[in-house]
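**Student:** To be precise about what I am sending: the file is called protein28.pdb and holds PDB, C-alpha atoms.
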```pdb
ATOM      1  CA  MET A 225      -2.633 -11.521  19.820
ATOM      2  CA  ALA A 226      -3.081 -13.970  22.666
ATOM      3  CA  HIS A 227      -0.283 -16.381  23.547
ATOM      4  CA  PRO A 228      -0.583 -19.977  24.725
ATOM      5  CA  THR A 229      -1.051 -20.201  28.519
ATOM      6  CA  GLN A 230      -1.564 -16.453  28.657
ATOM      7  CA  LEU A 231      -3.220 -15.281  31.891
ATOM      8  CA  GLY A 232      -3.249 -11.492  31.635
ATOM      9  CA  PHE A 233      -4.262  -8.962  29.003
ATOM     10  CA  GLN A 234      -2.539  -8.583  25.660
ATOM     11  CA  ASP A 235      -0.019  -5.731  25.462
ATOM     12  CA  ALA A 236      -1.850  -2.421  25.191
ATOM     13  CA  ALA A 237      -1.784  -0.696  21.819
ATOM     14  CA  SER A 238      -3.884   2.324  22.750
ATOM     15  CA  PRO A 239      -3.838   4.799  25.649
ATOM     16  CA  VAL A 240      -7.261   3.661  26.858
ATOM     17  CA  MET A 241      -6.145   0.043  27.009
ATOM     18  CA  GLU A 242      -3.071   1.068  29.003
ATOM     19  CA  GLU A 243      -5.331   2.749  31.536
ATOM     20  CA  LEU A 244      -7.593  -0.290  31.719
ATOM     21  CA  LEU A 245      -4.596  -2.552  32.208
ATOM     22  CA  HIS A 246      -3.215  -0.461  35.085
ATOM     23  CA  PHE A 247      -6.646  -0.227  36.683
ATOM     24  CA  HIS A 248      -7.012  -3.973  36.468
ATOM     25  CA  ASP A 249      -3.619  -4.401  38.158
ATOM     26  CA  HIS A 250      -4.749  -2.044  40.925
ATOM     27  CA  ALA A 251      -8.107  -3.741  41.496
ATOM     28  CA  LEU A 252      -6.620  -7.232  41.306
ATOM     29  CA  MET A 253      -3.936  -6.324  43.866
ATOM     30  CA  ILE A 254      -6.673  -5.223  46.284
ATOM     31  CA  VAL A 255      -8.519  -8.473  45.620
ATOM     32  CA  PHE A 256      -5.365 -10.537  46.249
ATOM     33  CA  LEU A 257      -4.646  -8.685  49.503
ATOM     34  CA  ILE A 258      -8.152  -9.232  50.831
ATOM     35  CA  SER A 259      -8.186 -12.876  49.751
ATOM     36  CA  THR A 260      -4.809 -13.523  51.366
ATOM     37  CA  LEU A 261      -5.985 -11.928  54.598
ATOM     38  CA  VAL A 262      -9.189 -13.965  54.643
ATOM     39  CA  LEU A 263      -7.362 -17.165  53.789
ATOM     40  CA  TYR A 264      -4.870 -16.520  56.556
ATOM     41  CA  ILE A 265      -7.662 -15.912  59.054
ATOM     42  CA  ILE A 266      -9.458 -19.081  58.006
ATOM     43  CA  ILE A 267      -6.322 -21.177  58.367
ATOM     44  CA  ALA A 268      -5.510 -19.576  61.700
ATOM     45  CA  MET A 269      -9.004 -20.210  63.029
ATOM     46  CA  VAL A 270      -9.084 -23.767  61.837
ATOM     47  CA  SER A 271      -5.638 -24.765  63.049
ATOM     48  CA  THR A 272      -5.778 -23.747  66.695
ATOM     49  CA  LYS A 273      -6.773 -25.703  69.759
ATOM     50  CA  LEU A 274      -7.659 -22.523  71.654
ATOM     51  CA  THR A 275     -11.315 -21.601  72.002
ATOM     52  CA  ASN A 276     -12.595 -18.109  72.611
ATOM     53  CA  LYS A 277     -15.641 -18.139  74.850
ATOM     54  CA  TYR A 278     -15.573 -14.716  76.442
ATOM     55  CA  ILE A 279     -15.844 -12.038  73.769
ATOM     56  CA  LEU A 280     -19.436 -11.146  72.998
ATOM     57  CA  ASP A 281     -19.148  -7.934  71.046
ATOM     58  CA  SER A 282     -16.723  -5.139  70.206
ATOM     59  CA  GLN A 283     -17.690  -1.697  69.030
ATOM     60  CA  GLU A 284     -14.153  -0.894  67.877
ATOM     61  CA  ILE A 285     -13.656  -3.831  65.528
ATOM     62  CA  GLU A 286     -17.147  -3.396  64.083
ATOM     63  CA  ILE A 287     -16.301   0.203  63.234
ATOM     64  CA  VAL A 288     -12.991  -0.805  61.665
ATOM     65  CA  TRP A 289     -14.411  -3.542  59.492
ATOM     66  CA  THR A 290     -17.150  -1.231  58.265
ATOM     67  CA  ILE A 291     -15.042   1.825  57.523
ATOM     68  CA  LEU A 292     -12.113  -0.043  55.988
ATOM     69  CA  PRO A 293     -14.159  -1.834  53.274
ATOM     70  CA  ALA A 294     -15.882   1.465  52.466
ATOM     71  CA  VAL A 295     -12.478   3.097  52.025
ATOM     72  CA  ILE A 296     -11.304   0.212  49.836
ATOM     73  CA  LEU A 297     -14.383   0.557  47.654
ATOM     74  CA  VAL A 298     -13.734   4.266  47.224
ATOM     75  CA  LEU A 299     -10.135   3.473  46.268
ATOM     76  CA  ILE A 300     -11.474   1.215  43.539
ATOM     77  CA  ALA A 301     -14.290   3.512  42.421
ATOM     78  CA  LEU A 302     -12.216   6.660  41.886
ATOM     79  CA  PRO A 303      -9.806   5.289  39.245
ATOM     80  CA  SER A 304     -12.689   3.395  37.686
ATOM     81  CA  LEU A 305     -14.795   6.511  37.224
ATOM     82  CA  ARG A 306     -11.753   8.420  36.004
ATOM     83  CA  ILE A 307     -11.311   5.920  33.178
ATOM     84  CA  LEU A 308     -15.033   5.855  32.454
ATOM     85  CA  TYR A 309     -15.081   9.604  31.909
ATOM     86  CA  LEU A 310     -11.824   9.471  29.987
ATOM     87  CA  MET A 311     -13.361   7.012  27.545
ATOM     88  CA  ASP A 312     -16.397   9.260  27.209
ATOM     89  CA  GLU A 313     -14.492  12.398  26.269
ATOM     90  CA  ILE A 314     -15.330  14.182  23.062
ATOM     91  CA  ASN A 315     -12.603  13.283  20.645
ATOM     92  CA  ASP A 316     -11.999  14.859  17.280
ATOM     93  CA  PRO A 317     -11.458  11.978  14.872
ATOM     94  CA  HIS A 318      -9.193  12.315  11.860
ATOM     95  CA  LEU A 319     -10.800   9.393  10.086
ATOM     96  CA  THR A 320     -14.074   7.466  10.098
ATOM     97  CA  ILE A 321     -14.227   3.785   9.210
ATOM     98  CA  LYS A 322     -17.373   1.701   9.073
ATOM     99  CA  ALA A 323     -17.095  -1.929  10.139
ATOM    100  CA  MET A 324     -20.064  -3.944   8.886
ATOM    101  CA  GLY A 325     -20.640  -7.454  10.203
ATOM    102  CA  HIS A 326     -21.923 -10.124   7.865
ATOM    103  CA  GLN A 327     -22.352 -13.855   8.116
ATOM    104  CA  TRP A 328     -19.441 -14.614   8.240
ATOM    105  CA  TYR A 329     -16.967 -11.827   7.479
ATOM    106  CA  TRP A 330     -16.389  -8.155   8.173
ATOM    107  CA  SER A 331     -16.435  -5.426   5.555
ATOM    108  CA  TYR A 332     -14.744  -2.066   6.008
ATOM    109  CA  GLU A 333     -15.756   1.197   4.380
ATOM    110  CA  TYR A 334     -13.520   4.270   4.206
ATOM    111  CA  THR A 335     -15.789   6.924   2.710
ATOM    112  CA  ASP A 336     -14.460  10.263   3.960
ATOM    113  CA  TYR A 337     -13.005  11.066   0.531
ATOM    114  CA  GLU A 338     -13.556   8.264  -1.985
ATOM    115  CA  ASN A 339     -15.780   5.218  -1.665
ATOM    116  CA  LEU A 340     -13.295   2.587  -0.533
ATOM    117  CA  GLY A 341     -14.897  -0.640   0.636
ATOM    118  CA  PHE A 342     -13.622  -4.197   0.891
ATOM    119  CA  ASP A 343     -14.414  -7.494   2.559
ATOM    120  CA  SER A 344     -12.212  -9.196   5.116
ATOM    121  CA  TYR A 345     -12.441 -12.983   5.179
ATOM    122  CA  MET A 346     -10.537 -15.317   7.471
ATOM    123  CA  VAL A 347      -7.631 -17.121   5.798
ATOM    124  CA  PRO A 348      -8.538 -20.851   5.892
ATOM    125  CA  THR A 349      -6.085 -22.959   7.874
ATOM    126  CA  GLN A 350      -4.837 -24.894   4.847
ATOM    127  CA  ASP A 351      -3.959 -21.613   3.069
ATOM    128  CA  LEU A 352      -1.849 -20.156   5.867
ATOM    129  CA  ALA A 353       1.751 -19.209   5.150
ATOM    130  CA  PRO A 354       4.373 -20.334   7.720
ATOM    131  CA  GLY A 355       4.355 -17.987  10.712
ATOM    132  CA  GLN A 356       0.765 -16.842  10.245
ATOM    133  CA  PHE A 357      -1.791 -17.284  13.000
ATOM    134  CA  ARG A 358      -4.512 -19.931  12.741
ATOM    135  CA  LEU A 359      -8.105 -18.589  12.816
ATOM    136  CA  LEU A 360      -6.836 -15.025  13.200
ATOM    137  CA  GLU A 361      -5.455 -13.938   9.825
ATOM    138  CA  THR A 362      -7.605 -12.267   7.189
ATOM    139  CA  ASP A 363      -7.125 -11.644   3.483
ATOM    140  CA  HIS A 364      -7.526  -7.865   3.881
ATOM    141  CA  ARG A 365      -6.615  -5.960   7.006
ATOM    142  CA  MET A 366      -8.202  -2.797   8.313
ATOM    143  CA  VAL A 367      -5.305  -0.377   7.930
ATOM    144  CA  VAL A 368      -5.273   2.756  10.071
ATOM    145  CA  PRO A 369      -2.774   5.584  10.487
ATOM    146  CA  MET A 370      -0.964   5.307  13.820
ATOM    147  CA  GLU A 371      -1.279   7.974  16.523
ATOM    148  CA  SER A 372      -4.460   9.349  14.898
ATOM    149  CA  PRO A 373      -7.870   9.347  16.580
ATOM    150  CA  VAL A 374     -10.013   6.988  14.536
ATOM    151  CA  ARG A 375     -13.808   6.773  14.734
ATOM    152  CA  ILE A 376     -15.260   3.327  14.062
ATOM    153  CA  LEU A 377     -18.956   2.998  13.265
ATOM    154  CA  VAL A 378     -19.998  -0.597  13.790
ATOM    155  CA  SER A 379     -23.128  -2.121  12.298
ATOM    156  CA  ALA A 380     -24.356  -5.393  10.850
ATOM    157  CA  GLU A 381     -26.077  -6.454   7.664
ATOM    158  CA  ASP A 382     -27.831  -9.560   8.933
ATOM    159  CA  VAL A 383     -27.600 -10.751  12.559
ATOM    160  CA  LEU A 384     -25.864  -9.498  15.693
ATOM    161  CA  HIS A 385     -22.087  -9.485  15.640
ATOM    162  CA  SER A 386     -19.524  -7.696  17.778
ATOM    163  CA  TRP A 387     -16.320  -5.971  16.689
ATOM    164  CA  ALA A 388     -13.581  -6.482  19.239
ATOM    165  CA  VAL A 389      -9.821  -5.860  19.317
ATOM    166  CA  PRO A 390      -8.519  -6.531  22.849
ATOM    167  CA  SER A 391      -5.125  -4.848  22.499
ATOM    168  CA  LEU A 392      -6.840  -1.604  21.467
ATOM    169  CA  GLY A 393      -9.369  -1.924  24.293
ATOM    170  CA  VAL A 394     -12.287  -1.887  21.874
ATOM    171  CA  LYS A 395     -15.444  -3.941  21.745
ATOM    172  CA  MET A 396     -18.676  -2.733  20.147
ATOM    173  CA  ASP A 397     -21.791  -4.678  19.269
ATOM    174  CA  ALA A 398     -22.847  -4.748  15.636
ATOM    175  CA  VAL A 399     -26.618  -4.382  15.489
ATOM    176  CA  PRO A 400     -28.532  -4.398  12.189
ATOM    177  CA  GLY A 401     -30.110  -1.009  11.552
ATOM    178  CA  ARG A 402     -28.006   0.737  14.202
ATOM    179  CA  LEU A 403     -24.717   2.613  13.966
ATOM    180  CA  ASN A 404     -22.616   2.187  17.085
ATOM    181  CA  GLN A 405     -19.718   4.564  17.517
ATOM    182  CA  THR A 406     -16.429   3.849  19.207
ATOM    183  CA  ALA A 407     -12.985   5.379  18.862
ATOM    184  CA  PHE A 408      -9.360   4.554  19.483
ATOM    185  CA  ILE A 409      -5.844   5.801  18.937
ATOM    186  CA  ALA A 410      -3.235   3.235  17.917
ATOM    187  CA  SER A 411      -0.270   4.461  19.944
ATOM    188  CA  ARG A 412       2.256   2.284  18.100
ATOM    189  CA  PRO A 413       2.537   0.666  14.662
ATOM    190  CA  GLY A 414       1.673  -3.001  14.583
ATOM    191  CA  VAL A 415      -0.843  -5.686  13.756
ATOM    192  CA  PHE A 416      -3.657  -6.217  16.255
ATOM    193  CA  TYR A 417      -6.023  -9.158  16.234
ATOM    194  CA  GLY A 418      -9.547  -9.638  17.451
ATOM    195  CA  GLN A 419     -12.475 -11.993  16.952
ATOM    196  CA  CYS A 420     -16.209 -11.635  16.499
ATOM    197  CA  SER A 421     -17.698 -11.393  19.969
ATOM    198  CA  GLU A 422     -21.391 -12.098  19.507
ATOM    199  CA  ILE A 423     -22.731 -15.488  18.492
ATOM    200  CA  CYS A 424     -23.835 -15.212  14.889
ATOM    201  CA  GLY A 425     -24.199 -18.687  13.467
ATOM    202  CA  ALA A 426     -22.074 -21.539  12.229
ATOM    203  CA  ASN A 427     -18.884 -19.584  11.500
ATOM    204  CA  HIS A 428     -18.995 -17.138  14.372
ATOM    205  CA  SER A 429     -15.529 -18.306  15.481
ATOM    206  CA  PHE A 430     -14.155 -17.848  11.971
ATOM    207  CA  MET A 431     -14.617 -14.169  11.204
ATOM    208  CA  PRO A 432     -11.633 -12.461  12.833
ATOM    209  CA  ILE A 433     -10.619  -8.821  12.793
ATOM    210  CA  VAL A 434      -7.130  -7.590  11.967
ATOM    211  CA  VAL A 435      -6.144  -3.954  12.439
ATOM    212  CA  GLU A 436      -2.822  -2.806  11.003
ATOM    213  CA  ALA A 437      -1.500   0.531  12.280
ATOM    214  CA  VAL A 438       1.039   2.180  10.000
ATOM    215  CA  PRO A 439       2.582   5.642   9.519
ATOM    216  CA  LEU A 440       0.350   8.109   7.686
ATOM    217  CA  GLU A 441       2.225   7.982   4.340
ATOM    218  CA  HIS A 442       1.936   4.206   4.286
ATOM    219  CA  PHE A 443      -1.767   4.505   5.013
ATOM    220  CA  GLU A 444      -2.207   6.948   2.135
ATOM    221  CA  ASN A 445      -0.281   4.644  -0.240
ATOM    222  CA  TRP A 446      -2.329   1.659   0.894
ATOM    223  CA  SER A 447      -5.645   3.431   0.385
ATOM    224  CA  SER A 448      -4.639   4.584  -3.128
ATOM    225  CA  LEU A 449      -3.645   1.001  -3.997
ATOM    226  CA  MET A 450      -6.884  -0.403  -2.601
ATOM    227  CA  LEU A 451      -8.932   2.109  -4.606
ATOM    228  CA  GLU A 452      -7.127   1.112  -7.804
ATOM    229  CA  ASP A 453      -7.678  -2.587  -7.138
ATOM    230  CA  ALA A 454     -11.372  -2.062  -6.522
TER     231      ALA A 454
ATOM    232  CA  MET B 119     -21.632  32.205   4.212
ATOM    233  CA  ALA B 120     -20.896  30.373   1.005
ATOM    234  CA  GLU B 121     -17.165  31.057   1.404
ATOM    235  CA  ASP B 122     -17.267  29.595   4.938
ATOM    236  CA  ILE B 123     -18.838  26.421   3.641
ATOM    237  CA  GLN B 124     -16.255  26.259   0.867
ATOM    238  CA  GLN B 125     -13.447  26.616   3.402
ATOM    239  CA  LYS B 126     -14.971  24.002   5.673
ATOM    240  CA  LEU B 127     -15.338  21.633   2.739
ATOM    241  CA  GLU B 128     -11.741  22.151   1.645
ATOM    242  CA  LYS B 129     -10.461  21.380   5.142
ATOM    243  CA  TYR B 130     -12.851  18.439   5.555
ATOM    244  CA  ARG B 131     -11.259  15.372   7.128
ATOM    245  CA  THR B 132     -14.204  13.511   8.538
ATOM    246  CA  ALA B 133     -17.584  14.183  10.115
ATOM    247  CA  PRO B 134     -16.911  16.391  13.154
ATOM    248  CA  PHE B 135     -18.425  15.905  16.588
ATOM    249  CA  ASP B 136     -22.116  16.850  16.461
ATOM    250  CA  ALA B 137     -23.498  17.914  19.821
ATOM    251  CA  ARG B 138     -26.994  16.842  18.755
ATOM    252  CA  PHE B 139     -25.751  13.259  18.738
ATOM    253  CA  PRO B 140     -23.230  13.021  21.549
ATOM    254  CA  ASN B 141     -23.674   9.344  22.406
ATOM    255  CA  GLN B 142     -22.863   5.896  21.142
ATOM    256  CA  ASN B 143     -25.860   5.572  18.832
ATOM    257  CA  GLN B 144     -25.047   7.526  15.685
ATOM    258  CA  THR B 145     -27.889   6.117  13.553
ATOM    259  CA  ARG B 146     -29.846   9.356  13.752
ATOM    260  CA  ASN B 147     -26.761  11.411  12.864
ATOM    261  CA  CYS B 148     -26.405   9.554   9.553
ATOM    262  CA  TRP B 149     -30.174   9.700   8.867
ATOM    263  CA  GLN B 150     -30.458  13.394   9.693
ATOM    264  CA  ASN B 151     -27.590  14.439   7.434
ATOM    265  CA  TYR B 152     -28.945  12.349   4.565
ATOM    266  CA  LEU B 153     -32.336  14.043   4.949
ATOM    267  CA  ASP B 154     -30.757  17.470   5.355
ATOM    268  CA  TYR B 155     -28.781  17.095   2.111
ATOM    269  CA  TYR B 156     -31.784  16.245  -0.018
ATOM    270  CA  ARG B 157     -34.001  18.779   1.691
ATOM    271  CA  CYS B 158     -31.337  21.452   1.176
ATOM    272  CA  GLN B 159     -31.030  20.444  -2.483
ATOM    273  CA  LYS B 160     -34.790  20.623  -2.953
ATOM    274  CA  ALA B 161     -35.104  23.968  -1.165
ATOM    275  CA  LEU B 162     -32.205  25.679  -2.947
ATOM    276  CA  ASP B 163     -33.248  24.249  -6.312
ATOM    277  CA  ALA B 164     -36.729  25.629  -5.810
ATOM    278  CA  LYS B 165     -35.228  29.060  -5.187
ATOM    279  CA  GLY B 166     -32.907  28.699  -8.155
ATOM    280  CA  VAL B 167     -29.844  29.246  -5.961
ATOM    281  CA  ASP B 168     -26.495  27.423  -6.179
ATOM    282  CA  THR B 169     -26.729  24.199  -4.155
ATOM    283  CA  ALA B 170     -23.028  24.119  -3.201
ATOM    284  CA  PRO B 171     -23.675  24.771   0.531
ATOM    285  CA  CYS B 172     -25.596  21.490   0.647
ATOM    286  CA  ASP B 173     -22.379  19.611  -0.055
ATOM    287  CA  TRP B 174     -21.436  19.756   3.629
ATOM    288  CA  TYR B 175     -24.354  17.462   4.485
ATOM    289  CA  LYS B 176     -23.364  15.184   1.643
ATOM    290  CA  ARG B 177     -19.789  14.829   2.903
ATOM    291  CA  VAL B 178     -21.032  14.109   6.411
ATOM    292  CA  TYR B 179     -23.571  11.484   5.416
ATOM    293  CA  LYS B 180     -21.050   9.857   3.110
ATOM    294  CA  SER B 181     -18.636   9.614   6.030
ATOM    295  CA  LEU B 182     -21.172   8.233   8.463
ATOM    296  CA  CYS B 183     -23.706   6.153   6.560
ATOM    297  CA  PRO B 184     -22.967   2.587   5.436
ATOM    298  CA  LEU B 185     -22.901   2.274   1.647
ATOM    299  CA  SER B 186     -25.712  -0.302   1.696
ATOM    300  CA  TRP B 187     -27.982   2.108   3.570
ATOM    301  CA  ILE B 188     -27.248   4.915   1.098
ATOM    302  CA  GLU B 189     -27.964   2.616  -1.867
ATOM    303  CA  LYS B 190     -31.196   1.449  -0.309
ATOM    304  CA  TRP B 191     -32.367   4.978   0.434
ATOM    305  CA  ASP B 192     -31.370   6.229  -3.026
ATOM    306  CA  THR B 193     -33.421   3.430  -4.609
ATOM    307  CA  GLN B 194     -36.335   4.209  -2.324
ATOM    308  CA  ARG B 195     -36.201   7.872  -3.270
ATOM    309  CA  GLU B 196     -36.279   6.977  -6.956
ATOM    310  CA  ASP B 197     -39.174   4.588  -6.395
ATOM    311  CA  GLY B 198     -41.061   7.099  -4.278
ATOM    312  CA  THR B 199     -41.050   4.775  -1.242
ATOM    313  CA  PHE B 200     -38.527   6.726   0.851
ATOM    314  CA  PRO B 201     -39.833   6.864   4.448
ATOM    315  CA  GLY B 202     -38.436  10.305   5.260
ATOM    316  CA  LYS B 203     -40.012  13.620   4.372
ATOM    317  CA  ILE B 204     -37.959  15.526   1.801
TER     318      ILE B 204
END
```
Please express what this file holds, its structure, as structure tokens.
**Tutor:**
Amino acid sequence: MAHPTQLGFQDAASPVMEELLHFHDHALMIVFLISTLVLYIIIAMVSTKLTNKYILDSQEIEIVWTILPAVILVLIALPSLRILYLMDEINDPHLTIKAMGHQWYWSYEYTDYENLGFDSYMVPTQDLAPGQFRLLETDHRMVVPMESPVRILVSAEDVLHSWAVPSLGVKMDAVPGRLNQTAFIASRPGVFYGQCSEICGANHSFMPIVVEAVPLEHFENWSSLMLEDA
Amino acid sequence: MAEDIQQKLEKYRTAPFDARFPNQNQTRNCWQNYLDYYRCQKALDAKGVDTAPCDWYKRVYKSLCPLSWIEKWDTQREDGTFPGKI
């Protein structure tokens, strides 16, 4: 989850998010370098008494400051496209979960074998146990087996919503009447938080998403328990 | 043929990648498999043949389609208002 005064991304919990994080570091470093250079030039120009009246043009510098930006753009584009195609690869999911957005909660359906479905409401602030996170905890979490490719089909039952979990690098709009597919692999066990990312009415800020990645046996035990309870 | 389907069904984990629907929008994938199941049922019933091979489509649409959509379509089929051609 996010921390107070956090500036960067949350720790990556999936391989795709790791790639995105590293790419962001790369692109941001280029941005910082260019900005520092420009800032330096501005300060240098502004803080000198010397005036240059005799240079009218220069073929060499024009060539340099055309080619160099083109090279920088290529250096940004290549890793970017690499990640784009990586995210688009055909994966072979082990599990399909449907995340349905409602006003104002998510419901999850695990129907590969049995019909397991449950709602996931935010825990109201006055009902939080000590140590739990305000506006982020839910009564039921979406449990997934770790290190398994999971396919998520996102849709909505009423208005637009969006299913997002930043540490997994996932965001997918929930559109009524449409099934949007996304996938992830939880590379480590843990609890990952997200929030609805499309304005959907009064309680848009109060329908969070919690994904809990556990070893496969724990996932199997959990799903048997959930089926019994239902 | 029937044995292949049986084997595939026994090893079924979830709906596999379908090259007819390679992109983000899987709505048609769910719809098509739902239609295919009931069409397969109808066709094999008419011939008087065992409808077990149709179960593949059933597993796939159960994996992909939201429960509310399946309920709605099942009701529509019973009422005779189902928009698809079966």
**Student:** Between A:Lys322, A:Lys395, A:His442, A:His246, which one has atoms that come closest to chain B, using only C-alpha atoms?
**Tutor:**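 Looking only at the distances to chain B, the closest residue turns out to be A:Lys322.
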**Student:** Please, which residues of chain B lie no more than 7 Å from chain A when the count uses all atoms listed in the file, and can they be set out as a list in words?
**Tutor:** Arg131, Thr132, Pro134, Phe135, Gln142, Asn143, Gln144, Thr145, Lys180, Ser181 and Pro184 of chain B
**Student:** Go ahead and write the selection's residues with C-alpha atoms as a JSON list (two decimals), keeping the file's coordinate frame.
**Tutor:**
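Once written, part.json looks like this:
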```
[["chain", "number", "residue", "atom", "x", "y", "z"],
["B", 131, "ARG", "CA", -11.26, 15.37, 7.13],
["B", 132, "THR", "CA", -14.20, 13.51, 8.54],
["B", 134, "PRO", "CA", -16.91, 16.39, 13.15],
["B", 135, "PHE", "CA", -18.42, 15.90, 16.59],
["B", 142, "GLN", "CA", -22.86, 5.90, 21.14],
["B", 143, "ASN", "CA", -25.86, 5.57, 18.83],
["B", 144, "GLN", "CA", -25.05, 7.53, 15.68],
["B", 145, "THR", "CA", -27.89, 6.12, 13.55],
["B", 180, "LYS", "CA", -21.05, 9.86, 3.11],
["B", 181, "SER", "CA", -18.64, 9.61, 6.03],
["B", 184, "PRO", "CA", -22.97, 2.59, 5.44]]
```
**Student:** Carefully work through the PyMOL selection byres ((chain B and resi 120) around 12) for this structure and note down the residues it includes, as a ChimeraX atom specification.
**Tutor:** /B:119,121-127,167-174
**Student:** Quick one: residues within 8 Å of Arg365 of chain A, all atoms listed in the file, excluding same-chain residues fewer than 4 positions away - as a ChimeraX atom specification?
**Tutor:** /A:344,433-436
**Student:** Using all atoms of segment 307-317 of chain A that appear in the file, construct an axis-aligned enclosing box with 4 Å of padding on every side and provide its centre coordinates and edge lengths in Å, rounded to one decimal, as AutoDock Vina command-line options.
**Tutor:**
```
--center_x -13.9 --center_y 10.4 --center_z 24.0 --size_x 13.1 --size_y 17.0 --size_z 26.3
```
**Student:** Between atom CA of Leu392 of chain A and atom CA of Ser238 of chain A, what is the distance, to one decimal in Å?
**Tutor:**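 Pair atom CA of Leu392 of chain A / atom CA of Ser238 of chain A returns 5.1 Å.
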**Student:** Grab the atom CA of Ala388 of chain A to atom CA of Val438 of chain A distance for me, in Å with one decimal place.
**Tutor:**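 One can read the atom CA of Ala388 of chain A to atom CA of Val438 of chain A distance as 19.3 Å.
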**Student:** Excluding same-chain residues fewer than 4 positions from segment 414-428 of chain A, what lies within 9 Å of it counting all atoms listed in the file, as number ranges by chain?
**Tutor:** A: 225-226, 237, 325-329, 359-361, 365, 370, 383-392, 395-398, 410, 432-438
**Student:** Between atom CA of Leu245 of chain A and atom CA of Pro140 of chain B, what is the spacing in Å?
**Tutor:**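 Atom CA of Leu245 of chain A lies at a distance of 26.5 Å from atom CA of Pro140 of chain B.
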